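Asks: Quick one: this structure, given as structure tokens, is what I'll be asking you about.
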Amino acid sequence: MNTAEEKLWNYIDGTCTPAEQEAIRLQLEQDTAFAAKYRELLLLNSEFSAMELDEPPMAFTYNVIEGIRNEQALQPLKAAINKRIIRGISLLFIGMLSVILIYTFSKVSLSTGGTGINLFAKFTVPNFSKYFTGPVMQIFLFLDIVLALYLADNYLRKKRITKTDISVQPGVQQNDH
Amino acid sequence: MIDQTLAGDQSAYADLVKRHQRFVFTLALRFAKNREDAEEIAQDCFIKAYRSLESFQRQAKFTTWLYSIVYTTAMTSLRKKRLDTDSIDNENTFIQVESQNSSFDTNNAENRSRSFYLNQAIEQLLPDDAMIITLFYKGEQSLEEIGQTMGMEPNTVKVKLFRARQRLKEKLERNLKHEVKELI
């Protein structure tokens with residue numbers, strides 16, 4: 001059961017049902033003590049509404065924007081670069097390192113004292129030097145450029161789609177325009 | 001403004017900050033109790049809001065979303081402070097603050113306005129009570145919106161608002177009585 005004060009606050013806030021509202025209105029007309037309490041709460045309500053907001057320091061907005069800029073400057077590079085580019089570069093490096101390692105091991109002959117043991121005696125490695133000719137290098141570089149263009153195109157396309165999604169959002173509630 | 005900010009226009013966000021900074025700062029002050037900490041909380045809120053602006057769904061008002069960030073940030077800061085000092089988790093501290101304020105300001109009693117006494121009484125409330133009162137009277141927030149901001153049911157907010165108003169009334173009366181005695 002609501003107390004008289006609670007009923008009156010609900011009446012002042014307009015959160016009670018029409019029936020309750022009517023009942024309170026009638027009680028206000030008949031009960032002087034109840035009406036006095038109502039006037040007291042109404043006065044208090046207007047005092048609360050007149051509450052003043054505090055003013056932040058002058059440089060507040062500037063400090064917020066500076067804080068955002070500092071945070072963006074500290075953002076790691078990996079967050080700004082497309083992951084596919086990183087993966088492509090790492091794959092390229094892994095491939096190149098594998099080729100160099102295989103080529104090196106094929107040329108090394110491990111021996112102990114008089115009896116030499118060639119670990120790769122039965123392992124025939126293709127002669128890589130013949131593959132690094134002019135045309136092969138040209139094809140290699142060409143493929144690299146194609147890969148770079150493909151990744152750049154993909155990145156820019158994604159960026160454009162995100163921008164379009166933001167600007168065309170139907171039926172959104174615009175509260176701060 | 002939100003769309004412009006999302007498109008990378010930081011001056012649009014600066015305008016958004018200017019528009020809401022007074023209210024956000026006031027809310028932060030309800031928890032921090034000193035201007036330096038409140039400023040830090042309020043700045044942190046705007047930086048967090050900027051960072052997660054893309055996740056704002058626009059189903060609720062921007063202010064409701066922003067004030068919920070203020071509430072969680074301020075609560076986290078308050079908890080951290082409580083762990084540091086281990087002493088501000090009961091109303092006794094607020095009573096101490098109250099008595100400090102009263103004795104500190106006795107010489108200027110005649111210059112005080114009603115709004116001064118009201119702000120003084122609000123400072124003596126528990127942070128949750130002060131937040132509800134501020135959101136309801138100055139934030140133009142409905143009980144449902146306050147519920148969304150503070151993670152409560154609207155009915156719980158209604159009950160808490162009623163109790164907060166009662167406590168505020170008591171504190172206001174007590175402070176005014178104290179000042180009248182001082183003047184006599």
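Following the order of the structure tokens, first chain is A, next is B, and so on, with residues numbered from 1 inside each chain and ligands from 1 in the order they appear.
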Enumerate, in order of chain and increasing residue number, the residues of chain B with an atom no farther than 6 Å from chain A, each with its shortest atom pair and distance in Å to one decimal, counting only C-alpha atoms, as CSV.
Replies:
```
residue,atom,partner,partner_atom,distance
B:Arg22,CA,A:Glu55,CA,5.5
B:Thr26,CA,A:Asp54,CA,5.3
B:Gln43,CA,A:Val64,CA,5.5
B:Ile47,CA,A:Ile68,CA,6.0
B:Arg58,CA,A:Gln173,CA,5.7
B:Tyr137,CA,A:Ser49,CA,5.3
```
Asks: Save the residues we just selected, N, CA and C atoms, as a PDB file, in the first residue's frame?
Replies:
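After the write, out04.pdb holds the following:
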```
ATOM      1  N   ARG B  22      28.385  19.607 -19.663  1.00  0.00           N
ATOM      2  CA  ARG B  22      27.930  20.096 -18.351  1.00  0.00           C
ATOM      3  C   ARG B  22      27.208  18.989 -17.588  1.00  0.00           C
ATOM      4  N   THR B  26      28.504  16.992 -14.313  1.00  0.00           N
ATOM      5  CA  THR B  26      27.694  17.015 -13.078  1.00  0.00           C
ATOM      6  C   THR B  26      27.462  15.591 -12.571  1.00  0.00           C
ATOM      7  N   GLN B  43      36.017  13.044 -18.858  1.00  0.00           N
ATOM      8  CA  GLN B  43      36.858  12.948 -20.068  1.00  0.00           C
ATOM      9  C   GLN B  43      36.945  11.500 -20.540  1.00  0.00           C
ATOM     10  N   ILE B  47      35.848   9.885 -24.216  1.00  0.00           N
ATOM     11  CA  ILE B  47      36.811   9.131 -25.035  1.00  0.00           C
ATOM     12  C   ILE B  47      36.258   7.724 -25.305  1.00  0.00           C
ATOM     13  N   ARG B  58      21.249   3.259 -31.959  1.00  0.00           N
ATOM     14  CA  ARG B  58      20.252   4.305 -32.237  1.00  0.00           C
ATOM     15  C   ARG B  58      18.815   3.866 -31.953  1.00  0.00           C
ATOM     16  N   TYR B 137      15.552  14.994 -12.793  1.00  0.00           N
ATOM     17  CA  TYR B 137      15.199  16.416 -12.815  1.00  0.00           C
ATOM     18  C   TYR B 137      15.931  17.226 -13.874  1.00  0.00           C
TER      19      TYR B 137
END
```
Asks: Please provide as a PyMOL selection string all residues within 8 Å of Leu16 in chain B, with the sequence filter that same-chain residues fewer than 4 positions apart are discarded (counting only C-alpha atoms).
Replies: chain B and resi 1+12+20
Asks: Would you list the contacts of Arg165 in chain B as a PyMOL selection string, taking every protein, DNA or RNA residue within 12 Å and counting only C-alpha atoms, but skipping same-chain residues closer than 2 positions in sequence?
Replies: (chain A and resi 5-6+9+41+44-45+47-49) or (chain B and resi 118+121-122+125-126+128-134+136-137+157-163+167-172)
Asks: Near Ala152 in chain A, counting only C-alpha atoms, which residues have an atom at most 12 Å away, once you skip same-chain residues fewer than 4 positions from it, shown as a list in words?
Replies: Ile81, Asn82, Lys83, Arg84, Ile85, Ile86, Gly88, Ile145, Val146, Leu147, Ala148, Leu156, Arg157, Lys158 and Lys159 of chain A
Asks: Would you mind exporting C-alpha atoms of the selected residues as an mmCIF file, in the first residue's frame?
Replies:
```
data_model
loop_
_atom_site.group_PDB
_atom_site.id
_atom_site.type_symbol
_atom_site.label_atom_id
_atom_site.label_comp_id
_atom_site.auth_asym_id
_atom_site.auth_seq_id
_atom_site.Cartn_x
_atom_site.Cartn_y
_atom_site.Cartn_z
ATOM 1 C CA ILE A 81 46.885 -2.356 -41.721
ATOM 2 C CA ASN A 82 44.726 -4.949 -43.359
ATOM 3 C CA LYS A 83 45.385 -8.424 -41.979
ATOM 4 C CA ARG A 84 45.507 -9.908 -45.482
ATOM 5 C CA ILE A 85 48.471 -7.741 -46.373
ATOM 6 C CA ILE A 86 50.303 -8.963 -43.285
ATOM 7 C CA GLY A 88 50.565 -12.139 -47.750
ATOM 8 C CA ILE A 145 52.698 -6.468 -57.920
ATOM 9 C CA VAL A 146 49.420 -8.221 -58.800
ATOM 10 C CA LEU A 147 49.102 -9.449 -55.205
ATOM 11 C CA ALA A 148 49.779 -5.960 -53.829
ATOM 12 C CA LEU A 156 39.811 0.390 -50.339
ATOM 13 C CA ARG A 157 36.592 -1.344 -51.411
ATOM 14 C CA LYS A 158 35.911 -2.407 -47.812
ATOM 15 C CA LYS A 159 36.520 1.127 -46.597
#
```
